[in-house]
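protein.cif follows; it contains mmCIF, C-alpha atoms.
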data_model
loop_
_atom_site.label_atom_id
_atom_site.label_comp_id
_atom_site.auth_asym_id
_atom_site.auth_seq_id
_atom_site.Cartn_x
_atom_site.Cartn_y
_atom_site.Cartn_z
CA MET A 1196 63.94 25.76 98.46
CA LEU A 1197 66.16 22.89 99.68
CA ARG A 1198 66.29 20.94 96.44
CA ILE A 1199 69.52 22.45 95.07
CA PRO A 1200 71.51 22.22 98.35
CA LEU A 1201 70.36 18.62 98.89
CA PHE A 1202 71.28 17.74 95.33
CA LEU A 1203 74.74 19.27 95.70
CA ILE A 1204 75.27 17.48 99.00
CA SER A 1205 74.31 14.20 97.31
CA LEU A 1206 76.82 14.87 94.54
CA TYR A 1207 79.54 15.50 97.12
CA LEU A 1208 78.77 12.26 98.95
CA LEU A 1209 78.81 10.33 95.68
CA SER A 1210 82.24 11.77 94.90
CA LEU A 1211 83.53 9.87 97.91
CA LEU A 1212 82.64 6.52 96.32
CA PRO A 1213 85.62 4.34 95.37
CA LEU A 1214 86.33 4.10 91.64
CA THR A 1215 85.81 0.34 91.77
CA LEU A 1216 83.97 -2.12 93.95
CA PRO A 1217 86.15 -5.24 94.30
CA LEU A 1218 84.88 -8.69 93.41
CA PRO A 1219 86.49 -11.99 94.39
CA SER A 1220 89.46 -12.90 92.23
CA ILE A 1221 88.92 -16.00 90.08
CA GLY A 1222 91.96 -18.10 89.29
CA VAL A 1223 92.91 -21.56 88.12
CA THR A 1224 95.22 -24.30 89.41
CA TYR A 1225 97.94 -25.87 87.32
CA SER A 1226 99.04 -29.35 88.35
CA ALA A 1227 102.14 -31.11 87.06
CA ALA A 1228 100.05 -34.30 87.11
CA SER A 1229 98.40 -33.00 83.93
CA ALA A 1230 101.75 -32.32 82.26
CA ALA A 1231 102.08 -32.75 78.50
CA PRO A 1232 105.10 -33.03 76.22
CA SER A 1233 104.94 -29.29 75.39
CA PRO A 1234 106.82 -26.96 77.79
CA ALA A 1235 104.72 -26.18 80.86
CA ALA A 1236 105.41 -22.41 80.77
CA GLU A 1237 104.19 -22.05 77.18
CA ARG A 1238 101.21 -24.28 77.89
CA ILE A 1239 100.19 -22.26 80.94
CA ALA A 1240 100.55 -18.92 79.16
CA ALA A 1241 98.29 -20.15 76.37
CA GLY A 1242 95.81 -21.58 78.88
CA LEU A 1243 95.58 -18.35 80.88
CA GLN A 1244 95.03 -16.39 77.68
CA ARG A 1245 92.32 -18.74 76.46
CA LEU A 1246 90.51 -18.65 79.81
CA ASN A 1247 91.03 -14.89 80.18
CA LEU A 1248 92.36 -15.34 83.72
CA ARG A 1249 95.08 -13.44 85.58
CA SER A 1250 95.46 -15.53 88.72
CA LEU A 1251 97.39 -18.82 88.80
CA ARG A 1252 97.86 -21.35 91.58
CA LEU A 1253 100.72 -23.80 91.18
CA GLU A 1254 100.08 -27.08 92.91
CA ASP A 1255 103.70 -27.97 92.21
CA SER A 1256 105.93 -24.89 92.29
CA ASP A 1257 108.28 -24.74 89.33
CA PRO A 1258 110.88 -21.94 88.86
CA SER A 1259 110.62 -22.17 85.07
CA ILE A 1260 106.90 -21.45 85.25
CA THR A 1261 107.42 -18.63 87.74
CA ARG A 1262 110.09 -17.11 85.47
CA SER A 1263 107.65 -17.09 82.55
CA LEU A 1264 105.40 -14.73 84.52
CA LEU A 1265 108.03 -11.99 84.94
CA TYR A 1266 106.54 -8.50 84.47
CA SER A 1267 103.11 -9.94 83.71
CA ASN A 1268 99.82 -8.97 85.34
CA THR A 1269 99.28 -12.54 86.57
CA THR A 1270 99.23 -13.06 90.33
CA LEU A 1271 100.85 -16.26 91.54
CA PHE A 1272 99.98 -18.60 94.40
CA LEU A 1273 102.77 -21.06 95.27
CA THR A 1274 102.53 -24.40 97.07
CA ILE A 1275 105.26 -26.13 99.08
CA PRO A 1276 104.94 -29.90 98.58
CA ASN A 1277 103.72 -31.99 101.51
CA TYR A 1278 106.90 -34.05 101.70
CA MET A 1279 108.90 -30.90 102.52
CA VAL A 1280 106.78 -29.83 105.50
CA THR A 1281 108.57 -31.97 108.09
CA PRO A 1282 112.10 -31.02 106.93
CA MET A 1283 111.09 -27.34 107.03
CA ALA A 1284 109.67 -27.74 110.52
CA GLN A 1285 112.91 -29.29 111.73
CA ASN A 1286 115.32 -26.94 110.01
CA ARG A 1287 114.66 -23.34 109.00
CA SER A 1288 117.48 -23.46 106.47
CA VAL A 1289 115.36 -25.85 104.37
CA ALA A 1290 112.65 -23.17 104.21
CA GLN A 1291 115.25 -20.55 103.31
CA SER A 1292 116.67 -22.74 100.57
CA TRP A 1293 113.22 -23.28 99.06
CA LEU A 1294 112.53 -19.53 99.11
CA TYR A 1295 115.88 -18.75 97.44
CA THR A 1296 114.94 -21.16 94.66
CA HIS A 1297 111.25 -20.36 94.16
CA VAL A 1298 110.71 -16.78 95.36
CA VAL A 1299 113.82 -14.59 95.73
CA PRO A 1300 114.96 -14.70 92.05
CA PHE A 1301 111.54 -13.51 90.86
CA TYR A 1302 109.81 -11.38 93.49
CA PRO A 1303 108.51 -8.66 93.12
CA ARG A 1304 108.87 -8.83 89.32
CA VAL A 1305 106.45 -11.75 89.57
CA LYS A 1306 103.36 -10.94 91.61
CA ILE A 1307 103.64 -13.73 94.17
CA THR A 1308 100.85 -13.22 96.71
CA THR A 1309 100.60 -16.40 98.79
CA ILE A 1310 102.57 -19.49 99.79
CA SER A 1311 100.68 -22.54 101.02
CA VAL A 1312 102.82 -24.80 103.18
CA GLY A 1313 101.46 -28.14 102.05
CA ASN A 1314 98.08 -28.94 100.57
CA ALA A 1315 95.60 -30.90 102.70
CA PHE A 1316 98.66 -31.97 104.72
CA PRO A 1317 96.69 -33.54 107.64
CA ASP A 1318 95.04 -35.94 105.18
CA VAL A 1319 98.32 -37.01 103.60
CA TYR A 1320 100.64 -37.11 106.64
CA PRO A 1321 98.39 -37.41 109.70
CA GLU A 1322 101.29 -38.80 111.74
CA ALA A 1323 103.29 -35.58 111.18
CA ILE A 1324 100.53 -33.08 111.94
CA ASN A 1325 102.60 -31.46 114.70
CA ASP A 1326 105.13 -30.36 112.07
CA LEU A 1327 102.68 -28.20 110.15
CA LEU A 1328 102.61 -25.05 112.28
CA PRO A 1329 106.41 -24.96 112.89
CA ALA A 1330 106.95 -25.27 109.13
CA ILE A 1331 104.54 -22.41 108.43
CA SER A 1332 106.29 -20.28 111.05
CA ASN A 1333 109.74 -21.03 109.61
CA VAL A 1334 108.62 -20.01 106.11
CA HIS A 1335 107.10 -16.81 107.47
CA VAL A 1336 110.19 -15.89 109.51
CA SER A 1337 112.48 -16.70 106.60
CA LEU A 1338 110.52 -14.37 104.35
CA ARG A 1339 110.88 -11.59 106.92
CA ASP A 1340 114.60 -12.27 107.26
CA ILE A 1341 114.94 -11.87 103.50
CA GLY A 1342 112.97 -8.61 103.69
CA ILE A 1343 109.76 -9.80 102.03
CA ARG A 1344 106.65 -8.76 103.97
CA LYS A 1345 103.85 -8.78 101.41
CA ILE A 1346 103.62 -12.52 100.71
CA SER A 1347 101.21 -14.27 103.04
CA VAL A 1348 101.86 -17.77 104.37
CA SER A 1349 99.14 -20.31 105.18
CA THR A 1350 98.13 -23.91 104.49
CA SER A 1351 95.11 -25.46 102.81
CA PHE A 1352 92.60 -27.95 104.22
CA SER A 1353 90.09 -30.36 102.75
CA PHE A 1354 86.56 -29.29 103.63
CA VAL A 1355 85.23 -32.77 104.36
CA THR A 1356 87.97 -33.57 106.87
CA ALA A 1357 88.50 -30.14 108.45
CA LEU A 1358 84.90 -29.47 109.47
CA SER A 1359 82.21 -31.30 111.38
CA SER A 1360 78.63 -31.48 110.06
CA PRO A 1361 78.38 -28.86 107.30
CA PHE A 1362 74.60 -28.58 107.40
CA PRO A 1363 73.11 -26.64 108.82
CA PRO A 1364 76.12 -24.30 108.57
CA SER A 1365 75.32 -22.87 112.01
CA THR A 1366 76.42 -26.16 113.61
CA ALA A 1367 79.80 -26.41 111.89
CA GLN A 1368 83.03 -26.52 113.87
CA PHE A 1369 86.62 -27.41 113.09
CA GLN A 1370 87.54 -31.04 113.69
CA GLU A 1371 90.84 -31.20 115.53
CA PRO A 1372 93.07 -34.16 114.62
CA PRO A 1373 93.16 -36.74 117.43
CA GLY A 1374 95.38 -35.61 120.30
CA VAL A 1375 96.41 -32.38 118.54
CA THR A 1376 95.43 -28.74 118.95
CA LEU A 1377 95.97 -27.32 115.49
CA PHE A 1378 93.30 -24.83 114.47
CA GLY A 1379 93.49 -22.43 117.41
CA PRO A 1380 97.24 -21.67 117.10
CA LEU A 1381 97.03 -21.65 113.30
CA LEU A 1382 94.14 -19.18 113.24
CA GLN A 1383 95.97 -16.94 115.71
CA PHE A 1384 98.96 -16.96 113.37
CA LEU A 1385 96.75 -16.11 110.35
CA GLN A 1386 95.13 -13.25 112.24
CA ASP A 1387 98.47 -11.88 113.45
CA THR A 1388 99.96 -11.97 109.93
CA ASN A 1389 96.84 -10.86 108.03
CA SER A 1390 96.81 -14.14 106.12
CA SER A 1391 93.86 -16.11 104.79
CA PHE A 1392 92.36 -19.44 105.76
CA LEU A 1393 92.62 -21.74 102.75
CA ILE A 1394 90.01 -24.40 102.00
CA ASN A 1395 89.54 -26.96 99.21
CA LEU A 1396 85.81 -26.91 98.65
CA TYR A 1397 84.09 -29.35 96.29
CA PRO A 1398 80.27 -29.41 96.23
CA TYR A 1399 80.56 -32.50 94.02
CA ASN A 1400 82.31 -34.47 96.76
CA LEU A 1401 79.84 -33.40 99.45
CA TYR A 1402 76.92 -34.16 97.13
CA ARG A 1403 78.23 -37.71 96.67
CA LEU A 1404 78.74 -38.14 100.40
CA ARG A 1405 75.28 -36.85 101.33
CA PRO A 1406 72.51 -38.46 99.23
CA GLU A 1407 69.90 -36.09 100.70
CA ILE A 1408 71.48 -33.12 98.90
CA PRO A 1409 69.55 -32.31 95.69
CA LEU A 1410 71.64 -32.15 92.53
CA GLY A 1411 70.15 -28.77 91.60
CA ILE A 1412 71.50 -27.09 94.75
CA ALA A 1413 74.96 -28.49 94.07
CA LEU A 1414 74.82 -27.10 90.51
CA PHE A 1415 73.58 -23.54 91.30
CA GLN A 1416 70.25 -24.33 89.62
CA GLU A 1417 67.69 -21.59 90.24
CA HIS A 1418 64.42 -23.47 90.76
CA PRO A 1419 61.66 -22.47 93.21
CA PHE A 1420 62.11 -25.52 95.43
CA ASN A 1421 65.90 -25.64 95.26
CA PHE A 1422 66.67 -24.47 98.77
CA ARG A 1423 67.54 -25.63 102.25
CA ASP A 1424 66.82 -23.65 105.42
CA ASP A 1425 69.09 -23.24 108.42
CA PHE A 1426 66.45 -22.90 111.13
CA THR A 1427 68.98 -21.71 113.71
CA THR A 1428 69.95 -18.61 111.73
CA GLY A 1429 66.82 -18.33 109.61
CA VAL A 1430 68.95 -18.32 106.46
CA ARG A 1431 67.68 -19.92 103.26
CA TYR A 1432 70.41 -21.44 101.07
CA ARG A 1433 69.95 -21.91 97.34
CA ASN A 1434 73.31 -23.40 96.46
CA LEU A 1435 75.72 -25.82 98.10
CA PHE A 1436 78.75 -23.58 97.57
CA ASP A 1437 77.28 -20.98 99.95
CA VAL A 1438 76.38 -23.69 102.44
CA MET A 1439 79.97 -24.88 102.52
CA VAL A 1440 81.50 -21.39 102.67
CA ASP A 1441 79.19 -20.40 105.53
CA ALA A 1442 80.06 -23.60 107.38
CA VAL A 1443 83.69 -22.44 107.31
CA VAL A 1444 82.63 -18.92 108.32
CA THR A 1445 80.73 -20.38 111.29
CA ALA A 1446 83.68 -22.55 112.32
CA LEU A 1447 85.96 -19.50 112.20
CA ALA A 1448 83.49 -17.54 114.33
CA VAL A 1449 83.10 -20.35 116.87
CA ALA A 1450 86.89 -20.46 117.19
CA GLY A 1451 86.92 -16.68 117.73
CA TYR A 1452 88.53 -15.69 114.41
CA GLU A 1453 85.63 -14.51 112.26
CA THR A 1454 87.73 -11.70 110.74
CA VAL A 1455 90.26 -14.06 109.11
CA PRO A 1456 89.75 -13.83 105.30
CA LEU A 1457 88.72 -16.93 103.37
CA VAL A 1458 90.21 -18.25 100.11
CA VAL A 1459 88.82 -21.23 98.21
CA THR A 1460 91.99 -22.89 96.94
CA GLU A 1461 90.24 -25.63 94.96
CA THR A 1462 86.76 -26.04 93.55
CA GLY A 1463 85.29 -27.61 90.45
CA TRP A 1464 83.15 -30.38 89.01
CA PRO A 1465 84.58 -33.39 87.13
CA SER A 1466 83.63 -34.04 83.54
CA ALA A 1467 84.43 -37.74 83.97
CA GLY A 1468 84.58 -39.99 87.01
CA ALA A 1469 87.18 -42.39 88.30
CA ALA A 1470 84.56 -45.09 88.74
CA GLY A 1471 81.93 -46.34 86.34
CA ASN A 1472 79.08 -45.37 88.67
CA GLU A 1473 79.87 -41.63 88.79
CA PHE A 1474 77.04 -40.69 86.47
CA ASP A 1475 76.94 -37.08 87.69
CA ALA A 1476 80.55 -36.54 86.61
CA ASN A 1477 79.94 -35.42 83.03
CA LEU A 1478 80.62 -32.51 80.68
CA GLY A 1479 77.12 -31.08 80.95
CA TYR A 1480 77.00 -30.89 84.74
CA ALA A 1481 80.58 -29.63 84.92
CA GLU A 1482 79.77 -26.71 82.62
CA ILE A 1483 76.58 -25.91 84.55
CA TYR A 1484 78.56 -25.83 87.82
CA LEU A 1485 81.32 -23.63 86.44
CA ARG A 1486 78.85 -21.19 84.87
CA GLY A 1487 76.91 -20.99 88.12
CA LEU A 1488 80.07 -20.53 90.18
CA VAL A 1489 81.44 -17.74 88.00
CA LYS A 1490 78.06 -15.99 87.82
CA HIS A 1491 77.72 -16.20 91.59
CA LEU A 1492 81.21 -14.84 92.26
CA LYS A 1493 80.77 -12.05 89.71
CA SER A 1494 77.47 -11.00 91.26
CA GLY A 1495 79.30 -9.64 94.30
CA THR A 1496 76.54 -10.84 96.62
CA GLY A 1497 78.83 -12.98 98.75
CA THR A 1498 77.11 -15.54 100.97
CA PRO A 1499 74.44 -15.06 103.65
CA LEU A 1500 77.08 -15.00 106.42
CA LEU A 1501 79.95 -13.48 104.42
CA LYS A 1502 78.60 -10.45 102.57
CA ASP A 1503 81.96 -9.56 101.03
CA GLY A 1504 82.38 -13.15 99.83
CA VAL A 1505 85.55 -15.17 99.65
CA ARG A 1506 88.73 -13.26 98.84
CA GLU A 1507 89.73 -15.59 95.98
CA ALA A 1508 88.54 -18.80 94.37
CA PHE A 1509 90.71 -21.12 92.27
CA VAL A 1510 89.08 -23.53 89.84
CA TYR A 1511 90.64 -26.99 89.76
CA GLU A 1512 92.31 -27.50 87.34
CA MET A 1513 93.61 -25.91 84.14
CA PHE A 1514 94.09 -29.03 81.96
CA ASP A 1515 92.72 -32.53 81.76
CA LYS A 1516 95.24 -35.31 82.20
CA GLU A 1517 96.77 -36.81 79.10
CA GLU A 1518 94.76 -39.56 77.40
CA GLY A 1519 95.11 -42.78 79.32
CA GLY A 1520 95.43 -41.04 82.68
CA THR A 1521 93.48 -42.41 85.63
CA GLY A 1522 91.18 -40.65 88.06
CA ARG A 1523 88.55 -37.96 87.60
CA SER A 1524 88.84 -35.35 84.85
CA TRP A 1525 88.75 -31.88 86.44
CA GLY A 1526 90.33 -29.80 83.67
CA VAL A 1527 88.59 -26.71 82.32
CA LEU A 1528 90.64 -27.20 79.14
CA TYR A 1529 91.33 -30.43 77.30
CA ALA A 1530 94.83 -31.89 77.62
CA ASN A 1531 95.75 -30.38 74.23
CA GLY A 1532 94.75 -26.90 75.44
CA THR A 1533 91.55 -26.52 73.44
CA ALA A 1534 88.36 -25.12 74.97
CA LYS A 1535 86.18 -27.54 76.88
CA TYR A 1536 83.39 -25.26 78.11
CA HIS A 1537 81.68 -22.03 77.08
CA VAL A 1538 82.36 -20.11 80.30
CA ASP A 1539 83.62 -16.54 80.64
CA PHE A 1540 85.99 -16.73 83.61
CA SER A 1541 87.15 -13.11 83.40
CA CYS A 1542 86.30 -11.20 86.55
CA SER A 1543 86.68 -7.46 86.89
CA SER A 1544 85.55 -4.96 89.49
CA VAL A 1545 82.20 -3.24 89.27
CA SER A 1546 82.82 0.36 88.38
CA GLY A 1547 81.97 2.79 91.15
CA ILE A 1548 81.64 5.46 88.46
CA HIS A 1549 78.78 3.53 86.83
CA VAL A 1550 77.05 3.24 90.20
CA ALA A 1551 77.50 6.95 90.85
CA VAL A 1552 76.14 7.96 87.43
CA THR A 1553 73.06 5.82 87.95
CA ILE A 1554 72.34 7.33 91.36
CA ILE A 1555 72.91 10.88 90.07
CA PHE A 1556 70.43 10.25 87.25
CA LEU A 1557 67.80 9.03 89.72
CA LEU A 1558 68.41 12.02 92.00
CA LEU A 1559 68.06 14.37 89.03
CA VAL A 1560 64.76 12.77 88.02
CA MET A 1561 63.46 13.16 91.58
CA TRP A 1562 64.65 16.77 91.70
CA LEU A 1563 62.85 17.63 88.47
CA CYS A 1564 59.65 15.69 89.13
CA TYR A 1565 59.00 16.41 92.77
CA PRO A 1566 58.86 20.02 94.01
#

What's the structure tokens form of this structure?
Amino acid sequence: MLRIPLFLISLYLLSLLPLTLPLPSIGVTYSAASAAPSPAAERIAAGLQRLNLRSLRLEDSDPSITRSLLYSNTTLFLTIPNYMVTPMAQNRSVAQSWLYTHVVPFYPRVKITTISVGNAFPDVYPEAINDLLPAISNVHVSLRDIGIRKISVSTSFSFVTALSSPFPPSTAQFQEPPGVTLFGPLLQFLQDTNSSFLINLYPYNLYRLRPEIPLGIALFQEHPFNFRDDFTTGVRYRNLFDVMVDAVVTALAVAGYETVPLVVTETGWPSAGAAGNEFDANLGYAEIYLRGLVKHLKSGTGTPLLKDGVREAFVYEMFDKEEGGTGRSWGVLYANGTAKYHVDFSCSSVSGIHVAVTIIFLLLVMWLCYP
């Protein structure tokens, strides 16, 4: 009889399974624009604990905040402000000085993983776009000169300005700034240094720009007719987040860099709008979006074109602005730090042991029931 040998072979193969199956990391962005009178470090620590998150992105790098994360399990994503990009491109010593202030005193006791040189820099300083890649290179080389090789260097882009038509995703390509070749050399750098492509991805913004997009798709609503088909690839999309991610995946593939990992540096849904006519910016829709996003990321299903999913996703942002502030309200906590939504942001890996036990049980049932 072959049942026992086959069963033992199955057990051996299952023993080769990893202990955990990784899921995308979920983090949150802290912006100094939402600063309150209480010390930022204490405020952030309390916010991370309340949200049950262990990944923080600083839109405005602050050594006092970084110091507060010493010997913690929180991973840290730093951002170099846009106004420093041109000085860093022109003089490597400026990059070195920034690193000696924001990184060297803390690393590796603080788990700094990524440095973004600017944030949506082409949108803010289009006239200085040629400075972006030299600045990134100078930060990278300076890190190596210091002896740090495990912090990746990249830059983030706005989805709506970096890509051409996002739907269908199969038609998406990167939009080069006028008279500049940016994406090819940048993607080559990211591939050579094993760094990620960073994208700010807001379904809310695309939904407002494209009236033909149903609200339900933007909000991860699971209704029978909530879908859009990409007839070129034959893929059916049921949420706008996947549409946008796959548009980036397609653009990377068209450029010849489909293996470059993808990180969503900003995403969210506002609970209040900047203008009186933003009726879809409300607490209810914001909570629906965040619940759908977290559920989708935790499912481990990825997207139709990116089965492993994005490497990380950062929700924007940790706190609402203080009362009287202008603009949209993106915070997942109120300005005073109290809970705003009922969303479980914690994200852990799926246990490979649980998977193995389930499969062993099914094999045992088959072994006993079928001669």

Quiz prompt | Answer key for the PyMOL selection byres ((chain A and resi 1295) around 12), residues as a count of residues only | solution = 21

Exercise. May I have the protein, DNA and RNA residues with an atom at most 6 Å from (99.6, -25.8, 114.3), counting all atoms listed in the file in the file's coordinates, returned as a list in words?
Key: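 Protein and nucleic acid residues near the point are Leu1327, Leu1328, Leu1377, Pro1380 and Leu1381 of chain A.
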
Quiz item: A:Leu1248, A:Leu1435, A:Val1510, A:Gly1313: which is nearest A:Pro1409, counting all atoms listed in the file?
Solution: A:Leu1435

Find the residues near A:Ser1541: any atom within 12 Å, counting all atoms listed in the file, skip ones fewer than 5 places away on the same chain, and give them as a PDB file with C-alpha atoms, in the frame of the given file.
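Written file, part.pdb:
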ATOM      1  CA  LEU A1218      84.880  -8.690  93.410  1.00  0.00           C
ATOM      2  CA  PRO A1219      86.490 -11.990  94.390  1.00  0.00           C
ATOM      3  CA  SER A1220      89.460 -12.900  92.230  1.00  0.00           C
ATOM      4  CA  ILE A1221      88.920 -16.000  90.080  1.00  0.00           C
ATOM      5  CA  GLY A1222      91.960 -18.100  89.290  1.00  0.00           C
ATOM      6  CA  VAL A1223      92.910 -21.560  88.120  1.00  0.00           C
ATOM      7  CA  LEU A1243      95.580 -18.350  80.880  1.00  0.00           C
ATOM      8  CA  GLN A1244      95.030 -16.390  77.680  1.00  0.00           C
ATOM      9  CA  ARG A1245      92.320 -18.740  76.460  1.00  0.00           C
ATOM     10  CA  LEU A1246      90.510 -18.650  79.810  1.00  0.00           C
ATOM     11  CA  ASN A1247      91.030 -14.890  80.180  1.00  0.00           C
ATOM     12  CA  LEU A1248      92.360 -15.340  83.720  1.00  0.00           C
ATOM     13  CA  ARG A1249      95.080 -13.440  85.580  1.00  0.00           C
ATOM     14  CA  SER A1250      95.460 -15.530  88.720  1.00  0.00           C
ATOM     15  CA  ARG A1486      78.850 -21.190  84.870  1.00  0.00           C
ATOM     16  CA  VAL A1489      81.440 -17.740  88.000  1.00  0.00           C
ATOM     17  CA  LYS A1490      78.060 -15.990  87.820  1.00  0.00           C
ATOM     18  CA  LEU A1492      81.210 -14.840  92.260  1.00  0.00           C
ATOM     19  CA  LYS A1493      80.770 -12.050  89.710  1.00  0.00           C
TER      20      LYS A1493
END

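The smallest atom-to-atom distance between A:Tyr1225 and any of A:Ala1450, A:Ala1442, A:Ala1476, A:Ala1530, using all atoms listed in the file, is found for A:Ala1530.
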